[in-house]
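A.B. asks: The structure file target_15.txt (compact mmCIF, C-alpha atoms) is provided below.
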```txt
# COMPACT_ATOMS: atom_id res chain seq x y z
CA MET L 425 -20.38 76.43 0.64
CA LYS L 426 -22.73 78.81 -1.17
CA LEU L 427 -26.52 78.67 -1.12
CA SER L 428 -27.91 78.27 -4.63
CA ASP L 429 -30.87 80.19 -6.00
CA LYS L 430 -32.57 76.95 -6.97
CA LYS L 431 -34.27 74.53 -4.59
CA ALA L 432 -35.01 70.81 -4.75
CA THR L 433 -38.61 69.66 -4.43
CA LEU L 434 -39.54 66.14 -3.34
CA THR L 435 -42.97 64.82 -4.31
CA PHE L 436 -44.65 61.46 -3.77
CA SER L 437 -46.81 59.59 -6.26
CA ASP L 438 -49.44 58.77 -3.61
CA GLY L 439 -50.13 62.43 -2.93
CA SER L 440 -48.34 62.51 0.45
CA GLN L 441 -47.01 65.84 1.65
CA GLY L 442 -43.84 66.72 -0.27
CA ALA L 443 -40.90 68.80 0.89
CA GLU L 444 -38.53 71.47 -0.37
CA PHE L 445 -34.81 71.47 0.31
CA PRO L 446 -32.04 74.01 -0.19
CA VAL L 447 -29.29 73.39 -2.72
CA TYR L 448 -25.67 74.34 -2.02
CA GLN L 449 -22.82 74.92 -4.44
CA GLY L 450 -19.14 74.16 -3.98
CA THR L 451 -16.36 75.96 -5.84
CA VAL L 452 -16.29 73.15 -8.42
CA GLY L 453 -18.09 69.83 -8.77
CA PRO L 454 -21.71 68.76 -8.33
CA ASP L 455 -24.16 70.78 -6.25
CA VAL L 456 -25.64 69.10 -3.18
CA VAL L 457 -29.21 68.87 -1.93
CA ASP L 458 -29.32 69.59 1.80
CA ILE L 459 -31.54 66.84 3.21
CA ARG L 460 -30.81 67.37 6.91
CA LYS L 461 -34.48 68.15 7.56
CA LEU L 462 -35.81 65.30 5.40
CA TYR L 463 -36.86 63.10 8.34
CA ALA L 464 -38.45 65.98 10.21
CA GLN L 465 -40.49 66.97 7.17
CA THR L 466 -41.38 63.56 5.70
CA GLY L 467 -40.68 60.91 8.35
CA MET L 468 -38.34 59.20 5.85
CA PHE L 469 -34.61 58.59 5.47
CA THR L 470 -32.60 58.29 2.28
CA PHE L 471 -31.11 54.91 1.35
CA ASP L 472 -27.61 55.03 -0.14
CA PRO L 473 -25.40 51.99 0.61
CA GLY L 474 -21.75 52.77 0.01
CA PHE L 475 -22.54 56.52 -0.05
CA MET L 476 -22.69 56.45 -3.85
CA SER L 477 -24.58 59.77 -4.00
CA THR L 478 -24.17 61.21 -0.52
CA ALA L 479 -21.85 64.02 0.58
CA SER L 480 -21.12 63.39 4.26
CA CYS L 481 -19.32 66.70 4.80
CA SER L 482 -17.99 69.83 3.17
CA SER L 483 -14.23 70.02 2.69
CA SER L 484 -11.70 72.37 1.13
CA ILE L 485 -8.78 69.92 1.02
CA THR L 486 -9.08 67.71 -2.06
CA TYR L 487 -11.10 67.69 -5.26
CA ILE L 488 -11.47 64.73 -7.60
CA ASP L 489 -13.16 64.67 -10.99
CA GLY L 490 -13.23 60.99 -11.83
CA ASP L 491 -14.60 61.49 -15.34
CA LYS L 492 -11.75 63.82 -16.28
CA GLY L 493 -9.10 61.94 -14.31
CA GLU L 494 -8.35 65.04 -12.23
CA LEU L 495 -6.97 65.20 -8.69
CA LEU L 496 -6.30 68.50 -6.90
CA TYR L 497 -4.73 69.09 -3.48
CA ARG L 498 -5.94 72.51 -2.29
CA GLY L 499 -6.44 73.44 -5.96
CA TYR L 500 -3.03 72.28 -7.20
CA PRO L 501 -2.95 69.46 -9.80
CA ILE L 502 -1.27 66.31 -8.53
CA GLU L 503 0.82 66.19 -11.72
CA GLN L 504 2.53 69.47 -10.76
CA LEU L 505 2.94 68.73 -7.07
CA ALA L 506 4.56 65.36 -7.70
CA VAL L 507 7.17 66.94 -9.97
CA LYS L 508 7.84 70.29 -8.30
CA CYS L 509 7.49 69.57 -4.58
CA ASP L 510 8.75 67.14 -1.96
CA PHE L 511 6.50 65.28 0.44
CA LEU L 512 6.81 67.67 3.38
CA GLU L 513 5.94 70.63 1.14
CA VAL L 514 2.78 68.74 0.19
CA CYS L 515 2.12 67.98 3.87
CA HIS L 516 2.34 71.71 4.62
CA LEU L 517 -0.08 72.41 1.77
CA ILE L 518 -2.61 69.80 2.86
CA MET L 519 -2.50 70.80 6.52
CA LYS L 520 -2.27 74.59 6.21
CA GLY L 521 -3.86 75.30 2.83
CA GLU L 522 -0.87 76.83 1.07
CA LEU L 523 2.52 75.76 -0.20
CA PRO L 524 5.32 77.02 2.05
CA ASP L 525 7.86 79.67 1.14
CA GLU L 526 11.53 78.96 1.88
CA LYS L 527 11.39 79.97 5.55
CA GLN L 528 8.09 78.20 6.17
CA LYS L 529 9.47 75.06 4.54
CA ALA L 530 12.63 75.15 6.67
CA ASP L 531 10.59 75.65 9.85
CA PHE L 532 8.10 72.91 8.96
CA ASP L 533 10.82 70.44 7.97
CA HIS L 534 12.64 71.14 11.24
CA LEU L 535 9.44 70.68 13.27
CA VAL L 536 8.64 67.31 11.71
CA THR L 537 12.25 66.11 11.78
CA HIS L 538 12.60 66.82 15.50
CA HIS L 539 9.52 64.78 16.39
CA THR L 540 10.56 61.53 14.71
CA MET L 541 11.82 59.85 17.88
CA VAL L 542 9.41 57.62 19.81
CA ASN L 543 9.33 56.70 23.48
CA GLU L 544 11.68 53.80 24.26
CA GLN L 545 8.86 51.93 25.99
CA LEU L 546 7.23 51.43 22.60
CA GLN L 547 10.00 48.94 21.87
CA THR L 548 8.77 46.84 24.78
CA PHE L 549 5.21 47.12 23.52
CA LEU L 550 6.33 46.12 20.01
CA LYS L 551 8.12 43.05 21.32
CA GLY L 552 4.81 41.73 22.61
CA PHE L 553 3.80 40.92 19.03
CA ARG L 554 4.82 37.76 17.19
CA ARG L 555 7.63 38.44 14.75
CA ASP L 556 5.50 37.11 11.88
CA ALA L 557 2.51 39.33 12.70
CA HIS L 558 1.18 41.33 9.77
CA PRO L 559 2.70 44.85 9.84
CA MET L 560 -0.76 46.42 9.73
CA ALA L 561 -1.77 44.59 12.90
CA VAL L 562 1.37 45.90 14.56
CA LEU L 563 0.90 49.44 13.21
CA THR L 564 -2.71 49.63 14.36
CA GLY L 565 -1.56 48.80 17.88
CA LEU L 566 1.44 51.14 17.87
CA VAL L 567 -0.50 54.16 16.59
CA GLY L 568 -3.28 53.63 19.11
CA ALA L 569 -0.68 53.26 21.87
CA LEU L 570 0.74 56.72 21.17
CA SER L 571 -2.17 58.21 23.09
CA ALA L 572 -0.76 56.56 26.23
CA PHE L 573 2.45 58.59 25.87
CA TYR L 574 1.25 62.06 24.87
CA HIS L 575 -1.23 63.20 27.50
CA ASP L 576 -0.10 66.77 26.94
CA SER L 577 -1.89 67.08 23.60
CA LEU L 578 -5.18 65.20 23.87
CA ASP L 579 -7.58 68.12 24.36
CA ILE L 580 -9.06 68.27 20.88
CA THR L 581 -10.89 71.53 21.65
CA LYS L 582 -7.51 73.31 21.64
CA LYS L 583 -5.99 74.08 18.25
CA GLU L 584 -2.42 73.87 19.56
CA HIS L 585 -3.10 70.34 20.84
CA ARG L 586 -4.52 69.29 17.49
CA ASP L 587 -1.57 70.81 15.66
CA ILE L 588 1.16 69.12 17.71
CA SER L 589 -0.67 65.78 17.63
CA SER L 590 -0.83 66.05 13.84
CA ILE L 591 2.90 66.76 13.60
CA ARG L 592 3.70 63.88 15.95
CA LEU L 593 1.69 61.45 13.86
CA ILE L 594 3.29 62.52 10.58
CA ALA L 595 6.78 62.49 12.12
CA LYS L 596 6.57 59.22 14.02
CA MET L 597 4.80 57.07 11.46
CA PRO L 598 8.02 56.30 9.48
CA THR L 599 9.81 55.41 12.73
CA LEU L 600 7.03 53.05 13.83
CA ILE L 601 6.87 51.30 10.45
CA ALA L 602 10.65 50.91 10.27
CA MET L 603 10.65 49.51 13.81
CA ALA L 604 7.94 47.00 12.90
CA TYR L 605 9.96 45.91 9.86
CA LYS L 606 13.25 45.60 11.75
CA TYR L 607 11.53 43.59 14.47
CA SER L 608 10.02 41.21 11.90
CA VAL L 609 13.45 40.42 10.41
CA GLY L 610 15.31 40.28 13.73
CA GLN L 611 17.51 43.30 13.11
CA PRO L 612 18.34 46.13 15.54
CA PHE L 613 16.25 49.29 15.41
CA ILE L 614 17.82 52.27 13.65
CA TYR L 615 17.17 55.65 15.23
CA PRO L 616 16.14 58.65 13.11
CA GLN L 617 18.86 60.96 11.83
CA ASN L 618 17.95 64.64 11.76
CA ASN L 619 20.21 65.74 8.90
CA LEU L 620 18.34 63.57 6.38
CA SER L 621 15.16 64.32 4.49
CA TYR L 622 11.90 62.75 5.63
CA THR L 623 12.05 60.05 2.95
CA ALA L 624 15.82 59.45 3.15
CA ASN L 625 15.48 59.06 6.91
CA PHE L 626 12.80 56.42 6.44
CA LEU L 627 14.95 54.49 3.94
CA ARG L 628 17.88 54.54 6.36
CA MET L 629 15.74 53.34 9.27
CA MET L 630 14.39 50.56 7.06
CA PHE L 631 17.54 49.31 5.36
CA GLY L 632 20.48 50.66 7.37
CA ASN L 633 22.33 48.76 10.09
CA PRO L 634 24.73 49.77 12.89
CA CYS L 635 27.70 48.07 11.21
CA GLU L 636 28.13 50.51 8.34
CA ASP L 637 27.04 53.84 6.92
CA TYR L 638 23.90 53.77 4.81
CA VAL L 639 24.09 55.71 1.54
CA VAL L 640 20.71 56.82 0.23
CA ASN L 641 20.10 56.19 -3.47
CA GLU L 642 18.72 59.49 -4.79
CA VAL L 643 16.58 57.82 -7.46
CA VAL L 644 15.01 55.55 -4.86
CA GLU L 645 14.53 58.46 -2.46
CA ARG L 646 12.77 60.50 -5.15
CA ALA L 647 10.60 57.55 -6.14
CA LEU L 648 9.45 56.81 -2.61
CA ASP L 649 8.85 60.50 -1.97
CA ARG L 650 6.62 60.54 -5.04
CA ILE L 651 4.72 57.51 -3.77
CA PHE L 652 4.11 59.42 -0.54
CA ILE L 653 2.84 62.48 -2.43
CA LEU L 654 0.52 60.46 -4.67
CA HIS L 655 -1.04 58.71 -1.68
CA ALA L 656 -1.13 61.67 0.73
CA GLU L 657 -4.81 62.51 0.34
CA HIS L 658 -7.79 61.30 -1.68
CA GLU L 659 -10.95 62.97 -0.49
CA GLN L 660 -13.66 61.02 1.41
CA ASN L 661 -12.42 57.47 0.85
CA ALA L 662 -13.18 54.61 3.24
CA SER L 663 -10.29 55.17 5.67
CA THR L 664 -10.68 58.96 5.70
CA SER L 665 -14.41 58.59 6.33
CA THR L 666 -13.53 56.17 9.13
CA VAL L 667 -11.17 58.72 10.70
CA ARG L 668 -13.89 61.37 10.50
CA LEU L 669 -16.57 59.08 11.91
CA CYS L 670 -14.34 57.85 14.72
CA GLY L 671 -13.11 61.37 15.45
CA SER L 672 -16.66 62.73 15.51
CA SER L 673 -17.18 61.01 18.87
CA GLY L 674 -14.54 63.32 20.36
CA THR L 675 -11.91 60.62 20.75
CA ASN L 676 -8.22 61.49 20.73
CA PRO L 677 -6.43 61.85 17.36
CA PHE L 678 -4.24 58.78 17.85
CA ALA L 679 -7.31 56.56 18.29
CA ALA L 680 -8.97 58.13 15.23
CA ILE L 681 -5.89 57.59 13.05
CA ALA L 682 -5.51 54.02 14.35
CA ALA L 683 -9.07 53.43 13.12
CA GLY L 684 -8.02 54.76 9.72
CA VAL L 685 -5.04 52.39 9.68
CA ALA L 686 -7.33 49.45 10.45
CA CYS L 687 -9.73 50.42 7.65
CA LEU L 688 -6.88 50.89 5.18
CA TRP L 689 -5.81 47.30 5.82
CA GLY L 690 -8.66 45.99 3.67
CA PRO L 691 -7.66 44.56 0.26
CA ALA L 692 -10.30 46.68 -1.47
CA HIS L 693 -8.63 49.83 -0.13
CA GLY L 694 -5.01 50.13 1.01
CA GLY L 695 -4.20 46.52 0.30
CA ALA L 696 -4.88 46.94 -3.43
CA ASN L 697 -1.21 47.32 -4.43
CA GLU L 698 -0.32 44.24 -2.39
CA ALA L 699 -3.11 42.33 -4.14
CA ALA L 700 -1.94 43.57 -7.57
CA LEU L 701 1.62 42.40 -6.99
CA GLN L 702 0.44 39.02 -5.69
CA MET L 703 -1.63 38.62 -8.85
CA LEU L 704 1.44 39.31 -11.01
CA GLU L 705 3.62 36.93 -8.99
CA GLU L 706 1.04 34.15 -9.28
CA LEU L 707 0.71 34.74 -13.02
CA LEU L 708 4.51 34.71 -13.39
CA ALA L 709 4.70 31.39 -11.53
CA GLN L 710 2.08 29.93 -13.88
CA GLY L 711 4.01 30.80 -17.03
CA GLY L 712 4.13 34.61 -17.24
CA VAL L 713 3.59 36.39 -20.57
CA ASP L 714 2.78 33.16 -22.41
CA LYS L 715 -0.18 32.60 -20.12
CA LEU L 716 -1.64 36.09 -20.54
CA PRO L 717 -4.31 35.13 -23.13
CA GLU L 718 -5.56 32.37 -20.84
CA PHE L 719 -5.51 34.69 -17.82
CA VAL L 720 -7.37 37.49 -19.64
CA ALA L 721 -10.01 35.02 -20.80
CA LYS L 722 -10.59 33.99 -17.20
CA VAL L 723 -10.88 37.62 -16.11
CA LYS L 724 -13.61 38.17 -18.70
CA ASP L 725 -15.45 35.08 -17.48
CA LYS L 726 -17.19 36.21 -14.29
CA SER L 727 -17.86 32.61 -13.27
CA SER L 728 -14.10 31.91 -13.06
CA GLY L 729 -13.63 34.04 -9.96
CA VAL L 730 -10.39 35.49 -11.41
CA LYS L 731 -10.04 39.26 -10.89
CA LEU L 732 -7.79 41.79 -12.57
CA MET L 733 -6.16 43.65 -9.68
CA GLY L 734 -4.61 47.09 -10.11
CA PHE L 735 -6.99 48.13 -12.90
CA GLY L 736 -10.03 50.37 -12.61
CA HIS L 737 -11.02 52.59 -9.72
CA ARG L 738 -14.19 53.36 -7.79
CA VAL L 739 -13.79 57.08 -8.49
CA TYR L 740 -11.81 57.41 -11.72
CA LYS L 741 -13.69 56.67 -14.94
CA ASN L 742 -10.67 57.83 -16.89
CA TYR L 743 -6.93 57.17 -16.53
CA ASP L 744 -5.90 57.60 -12.88
CA PRO L 745 -3.65 60.72 -13.01
CA ARG L 746 -1.43 59.20 -10.32
CA ALA L 747 -0.86 56.09 -12.43
CA LYS L 748 0.79 58.08 -15.23
CA LEU L 749 3.28 59.57 -12.77
CA MET L 750 3.87 56.23 -11.10
CA GLN L 751 4.52 54.55 -14.44
CA GLU L 752 7.32 57.05 -15.16
CA THR L 753 8.76 56.52 -11.69
CA CYS L 754 8.58 52.76 -12.12
CA ARG L 755 10.71 52.90 -15.24
CA GLU L 756 13.26 55.25 -13.62
CA VAL L 757 13.70 53.02 -10.57
CA LEU L 758 14.02 49.78 -12.50
CA GLU L 759 16.58 51.32 -14.83
CA ALA L 760 18.58 52.85 -11.96
CA LEU L 761 18.64 49.52 -10.12
CA GLY L 762 19.40 47.49 -13.24
CA LEU L 763 16.05 45.72 -13.10
CA GLN L 764 14.61 46.84 -16.45
CA ASP L 765 14.70 43.22 -17.63
CA ASP L 766 12.96 41.99 -14.51
CA PRO L 767 10.42 39.35 -15.65
CA LEU L 768 7.74 40.67 -13.30
CA PHE L 769 8.03 44.18 -14.77
CA LYS L 770 7.93 42.81 -18.33
CA LEU L 771 4.83 40.83 -17.40
CA ALA L 772 3.23 43.95 -15.93
CA MET L 773 3.91 45.95 -19.08
CA ALA L 774 2.52 43.17 -21.26
CA LEU L 775 -0.62 42.99 -19.15
CA GLU L 776 -1.00 46.76 -19.30
CA LYS L 777 -0.73 46.68 -23.11
CA VAL L 778 -3.40 43.99 -23.37
CA ALA L 779 -5.76 45.85 -21.06
CA LEU L 780 -5.34 49.17 -22.86
CA GLU L 781 -6.04 47.60 -26.27
CA ASP L 782 -8.70 45.02 -25.46
CA GLU L 783 -12.22 46.32 -26.09
CA TYR L 784 -13.54 44.48 -23.02
CA PHE L 785 -11.35 46.52 -20.68
CA VAL L 786 -11.44 49.75 -22.68
CA SER L 787 -15.25 49.82 -22.79
CA ARG L 788 -15.36 49.31 -19.03
CA LYS L 789 -12.67 51.96 -18.49
CA LEU L 790 -10.45 49.50 -16.62
CA TYR L 791 -7.27 51.54 -16.86
CA PRO L 792 -4.19 50.78 -14.73
CA ASN L 793 -4.40 52.60 -11.39
CA VAL L 794 -1.66 53.85 -9.08
CA ASP L 795 -1.60 50.55 -7.17
CA PHE L 796 -0.55 48.64 -10.27
CA TYR L 797 2.76 50.49 -10.49
CA SER L 798 3.48 51.42 -6.87
CA GLY L 799 3.68 47.76 -5.87
CA ILE L 800 6.33 47.10 -8.53
CA VAL L 801 8.36 50.13 -7.41
CA GLN L 802 8.24 49.12 -3.76
CA ARG L 803 9.24 45.57 -4.62
CA ALA L 804 12.23 46.90 -6.59
CA ILE L 805 13.27 49.08 -3.65
CA GLY L 806 13.26 46.04 -1.38
CA ILE L 807 10.10 46.71 0.61
CA PRO L 808 8.36 43.38 1.37
CA THR L 809 4.86 42.95 0.00
CA SER L 810 3.35 42.66 3.47
CA LEU L 811 4.57 46.20 4.24
CA PHE L 812 2.96 47.90 1.22
CA THR L 813 -0.21 48.91 3.06
CA ALA L 814 1.82 50.30 5.95
CA ILE L 815 3.68 52.52 3.47
CA PHE L 816 0.28 53.69 2.23
CA ALA L 817 -0.71 54.49 5.83
CA LEU L 818 2.47 56.50 6.30
CA ALA L 819 1.65 58.63 3.27
CA ARG L 820 -2.07 58.99 4.02
CA THR L 821 -1.53 60.10 7.64
CA VAL L 822 -1.27 63.74 6.60
CA GLY L 823 -4.59 63.50 4.77
CA TRP L 824 -6.20 61.86 7.77
CA VAL L 825 -5.03 64.48 10.26
CA ALA L 826 -6.00 67.33 7.93
CA GLN L 827 -9.50 65.92 7.43
CA TRP L 828 -9.87 65.22 11.16
CA ASN L 829 -8.73 68.74 12.03
CA GLU L 830 -11.07 70.25 9.45
CA MET L 831 -13.99 68.33 10.93
CA ILE L 832 -13.23 69.30 14.53
CA SER L 833 -12.88 72.95 13.47
CA ASP L 834 -16.28 72.92 11.73
CA PRO L 835 -18.92 74.54 13.99
CA ASP L 836 -21.60 72.41 12.31
CA TYR L 837 -19.95 69.05 13.00
CA LYS L 838 -21.90 66.42 14.92
CA ILE L 839 -21.18 62.88 15.96
CA GLY L 840 -21.70 60.57 12.99
CA ARG L 841 -24.89 58.52 13.24
CA PRO L 842 -26.00 56.89 9.95
CA ARG L 843 -29.60 55.77 9.65
CA GLN L 844 -30.80 52.38 8.39
CA LEU L 845 -33.58 50.60 6.59
CA TYR L 846 -34.69 48.00 9.14
CA THR L 847 -35.63 44.59 7.66
CA GLY L 848 -35.76 42.44 10.80
CA GLU L 849 -38.63 41.05 12.85
CA THR L 850 -41.39 43.29 14.13
CA ALA L 851 -42.00 43.55 17.89
CA ARG L 852 -42.79 40.16 19.51
CA ASP L 853 -43.08 38.69 23.01
CA VAL L 854 -40.50 36.46 24.68
CA ALA L 855 -41.95 33.00 25.44
CA ASP L 856 -40.92 31.08 28.54
CA LEU L 857 -37.94 28.77 28.05
CA ASN L 858 -39.98 25.57 28.46
CA VAL L 859 -42.40 26.45 25.64
CA ARG L 860 -40.06 27.90 22.98
```
Show me this structure written as structure tokens.

C.D. replies:
Amino acid sequence: MKLSDKKATLTFSDGSQGAEFPVYQGTVGPDVVDIRKLYAQTGMFTFDPGFMSTASCSSSITYIDGDKGELLYRGYPIEQLAVKCDFLEVCHLIMKGELPDEKQKADFDHLVTHHTMVNEQLQTFLKGFRRDAHPMAVLTGLVGALSAFYHDSLDITKKEHRDISSIRLIAKMPTLIAMAYKYSVGQPFIYPQNNLSYTANFLRMMFGNPCEDYVVNEVVERALDRIFILHAEHEQNASTSTVRLCGSSGTNPFAAIAAGVACLWGPAHGGANEAALQMLEELLAQGGVDKLPEFVAKVKDKSSGVKLMGFGHRVYKNYDPRAKLMQETCREVLEALGLQDDPLFKLAMALEKVALEDEYFVSRKLYPNVDFYSGIVQRAIGIPTSLFTAIFALARTVGWVAQWNEMISDPDYKIGRPRQLYTGETARDVADLNVR
């Protein structure tokens, strides 16, 4: 963060005392006005619901230019990372700042792989949930419970504790999600296997069984690995901000990440791909492609309450760069699995064509986002819709721990304490009960 030569001056139309604030520059992107002394100098707060124009921190992890449709992890374009790297290489990059060389990759892969096991008592804890509980409810509980098993790494003031906790979270998340899935369908848990890749191991734990060897489909493995990469990190989104805010109190990393999992559960955030697939399934049940004109008309009519899920993005005002990659992956998976004639996929492509050509959607820049395609891919792989957000959490864990670690390492960090514009009653006296 570099101090700019220019300053920002705040003046008031009533002649009240103004104030001057420093301006800081990042390496790329908008400059920021440092308003930390605003209240001390003016007695006022800023008002910015949803943080539409507020930078809550400085970070060197991810950069997004929504107007250009650009996403960089540590300076590397997502389009290159998704094609040239596997997920654990990207994890190394996000956590440590650089892509690994061959030895660093081998060491990092080994470290993660040999932390995938979880304490056996977690099975007992898991069995306390109903089998039909939503996977995100289960995952929130399981991640938070990890802090009860790893007392040796809860001192967040020590870098080595933060590092091993981060590795444990990344390594154990696939195991926990696979356990939750197996429990929901009444199948035995499958233990991790150290000679498999991170993604292949997850597929085996999800879909393998003790009765026979599980053979990993390489196309499916590559597709899921790409999903992980595309969802690994995305700047100061709602769940990442939640992890930072929760972690700013000094709580342990497992509690902070559990808070991120809970936030991700929301349909406006991590549940978006689940919502997009449900929309397609409902449209298919109502008549599919033939009903598209009627459906699109309802979407345009705000009074209808019908929403187009999987299109548009809070940040991107251009084509989501992840969506282009996910579209390619979607086609590869469906072809490899013999599902290219799947009616749901045909409906999705028809809807995409309409949205990309219709002036209503084009003028509003409602392009397909990554959620539109990732849900179709996961459905083709055999992942149930209710588990989509958990898969997102698995991928995003590395981003969460990197952001949390960055915050704790920042000498300027303070506990988060947003201000408010109070609109309630002014001070008043409490009347006796018999005269109220």

A.B. asks: Which is closest to Arg841 in chain L among L:Thr435, L:Ser673, L:Thr664, L:Asn793, if we use only C-alpha atoms?

C.D. replies: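 Among the listed residues, the smallest separation from Arg841 in chain L belongs to L:Ser673.
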
A.B. asks: Choose the residue, out of L:Gln702, L:Thr478, L:Asn543, L:Gln441, that has the smallest atom-to-atom separation from Ala572 in chain L; count only C-alpha atoms.

C.D. replies: L:Asn543

A.B. asks: Taking all atoms listed in the file into account, name the residue in L:Pro524, L:Gly823, L:Gly632, L:Gly674 that is nearest to Gln617 in chain L.

C.D. replies: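 Under the stated criterion, the closest residue is L:Gly632.
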
A.B. asks: Could you tell me which of L:Val457, L:Val794, L:Ala760, L:Ala656 comes closest to Ser428 in chain L if we count only C-alpha atoms?

C.D. replies: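 With only C-alpha atoms as the atom set, the closest residue is L:Val457.
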
A.B. asks: Skip range 732-739 of chain L itself and residues of its chain fewer than 4 positions away, then list as an MDAnalysis selection string all residues within 7 Å of it, counting all atoms listed in the file.

C.D. replies: chainID L and resid 490 696:697 699:700 703 723 789:793 795:796

A.B. asks: From the list L:Ile614, L:Lys492, L:Glu503, L:Leu434, which residue is nearest Lys748 in chain L when using only C-alpha atoms?

C.D. replies: L:Glu503

A.B. asks: Write out, as CSV, each residue of range 761-844 of chain L that has an atom at most 12 Å from range 593-599 of chain L, together with the closest pair of atoms and their distance in Å to one decimal, counting only C-alpha atoms, rows going by chain and rising number.

C.D. replies:
```
residue,atom,partner,partner_atom,distance
L:Leu811,CA,L:Pro598,CA,11.9
L:Ala814,CA,L:Met597,CA,9.2
L:Ile815,CA,L:Pro598,CA,8.3
L:Phe816,CA,L:Met597,CA,10.8
L:Ala817,CA,L:Met597,CA,8.3
L:Leu818,CA,L:Met597,CA,5.7
L:Ala819,CA,L:Ile594,CA,8.4
L:Arg820,CA,L:Ile594,CA,9.2
L:Thr821,CA,L:Ile594,CA,6.1
L:Val822,CA,L:Ile594,CA,6.2
L:Gly823,CA,L:Ile594,CA,9.8
L:Trp824,CA,L:Ile594,CA,9.9
L:Val825,CA,L:Leu593,CA,8.2
L:Ala826,CA,L:Ile594,CA,10.8
```

A.B. asks: Calculate how many Å separate CA of Phe631 in chain L from CA of Lys606 in chain L, rounding to one decimal.

C.D. replies: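 Computing it gives 8.5 Å between the two atoms.
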
A.B. asks: One decimal, in Å: what's the spacing between CA of Thr809 in chain L and CA of Leu701 in chain L?

C.D. replies: 7.7 Å

A.B. asks: From the set L:Arg668, L:His558, L:Arg755, L:Lys520, which residue has the shortest atom-to-atom contact distance to Phe532 in chain L, counting only C-alpha atoms?

C.D. replies: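 Answer, going by the shortest atom-to-atom distance: L:Lys520.
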
A.B. asks: Suppose you want the space between CA of Tyr497 in chain L and CA of Val685 in chain L; what is it in Å?

C.D. replies: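 Separating CA of Tyr497 in chain L from CA of Val685 in chain L is a distance of 21.3 Å.
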
A.B. asks: I need every residue sitting at most 8 Å from the point (-12.0, 58.4, 16.5) (coordinates as in the file, all atoms listed in the file considered), written as a list of chain:residue names.

C.D. replies: L:Thr666, L:Val667, L:Arg668, L:Leu669, L:Cys670, L:Gly671, L:Ser672, L:Ser673, L:Gly674, L:Thr675, L:Asn676, L:Pro677, L:Phe678, L:Ala679, L:Ala680, L:Ile681, L:Ala683

A.B. asks: Ser484 in chain L: which residues within 9 Å, counting only C-alpha atoms, same-chain residues fewer than 5 positions away excluded, as a PyMOL selection string?

C.D. replies: chain L and resi 497-499+521+830

A.B. asks: Export, as a short mmCIF file (atom, residue, chain, number, x, y, z; two decimals), in the coordinates of the input, the selected residues with C-alpha atoms.

C.D. replies:
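And here's result23.cif as it stands now:
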```cif
data_model
loop_
_atom_site.label_atom_id
_atom_site.label_comp_id
_atom_site.auth_asym_id
_atom_site.auth_seq_id
_atom_site.Cartn_x
_atom_site.Cartn_y
_atom_site.Cartn_z
CA TYR L 497 -4.73 69.09 -3.48
CA ARG L 498 -5.94 72.51 -2.29
CA GLY L 499 -6.44 73.44 -5.96
CA GLY L 521 -3.86 75.30 2.83
CA GLU L 830 -11.07 70.25 9.45
#
```

A.B. asks: Skipping near chain neighbours, those fewer than 3 positions away, what residues fall within 10 Å of range 714-718 of chain L using only C-alpha atoms, listed as a VMD selection string?

C.D. replies: chain L and resid 707 to 711 721 to 723 771 774 to 775 778

A.B. asks: Do a neighbour search on Ala604 in chain L at 12 Å with only C-alpha atoms, toss out local chain neighbours closer than 2 positions, and write the hits as a tab-separated table (two decimals) with C-alpha atoms, keeping the file's coordinate frame.

C.D. replies:
```tsv
chain	number	residue	atom	x	y	z
L	546	LEU	CA	7.23	51.43	22.60
L	547	GLN	CA	10.00	48.94	21.87
L	548	THR	CA	8.77	46.84	24.78
L	549	PHE	CA	5.21	47.12	23.52
L	550	LEU	CA	6.33	46.12	20.01
L	551	LYS	CA	8.12	43.05	21.32
L	552	GLY	CA	4.81	41.73	22.61
L	553	PHE	CA	3.80	40.92	19.03
L	554	ARG	CA	4.82	37.76	17.19
L	555	ARG	CA	7.63	38.44	14.75
L	556	ASP	CA	5.50	37.11	11.88
L	557	ALA	CA	2.51	39.33	12.70
L	558	HIS	CA	1.18	41.33	9.77
L	559	PRO	CA	2.70	44.85	9.84
L	560	MET	CA	-0.76	46.42	9.73
L	561	ALA	CA	-1.77	44.59	12.90
L	562	VAL	CA	1.37	45.90	14.56
L	563	LEU	CA	0.90	49.44	13.21
L	564	THR	CA	-2.71	49.63	14.36
L	565	GLY	CA	-1.56	48.80	17.88
L	566	LEU	CA	1.44	51.14	17.87
L	567	VAL	CA	-0.50	54.16	16.59
L	597	MET	CA	4.80	57.07	11.46
L	598	PRO	CA	8.02	56.30	9.48
L	599	THR	CA	9.81	55.41	12.73
L	600	LEU	CA	7.03	53.05	13.83
L	601	ILE	CA	6.87	51.30	10.45
L	602	ALA	CA	10.65	50.91	10.27
L	606	LYS	CA	13.25	45.60	11.75
L	607	TYR	CA	11.53	43.59	14.47
L	608	SER	CA	10.02	41.21	11.90
L	609	VAL	CA	13.45	40.42	10.41
L	610	GLY	CA	15.31	40.28	13.73
L	611	GLN	CA	17.51	43.30	13.11
L	612	PRO	CA	18.34	46.13	15.54
L	613	PHE	CA	16.25	49.29	15.41
L	614	ILE	CA	17.82	52.27	13.65
L	629	MET	CA	15.74	53.34	9.27
L	630	MET	CA	14.39	50.56	7.06
L	810	SER	CA	3.35	42.66	3.47
L	811	LEU	CA	4.57	46.20	4.24
L	814	ALA	CA	1.82	50.30	5.95
L	815	ILE	CA	3.68	52.52	3.47
```
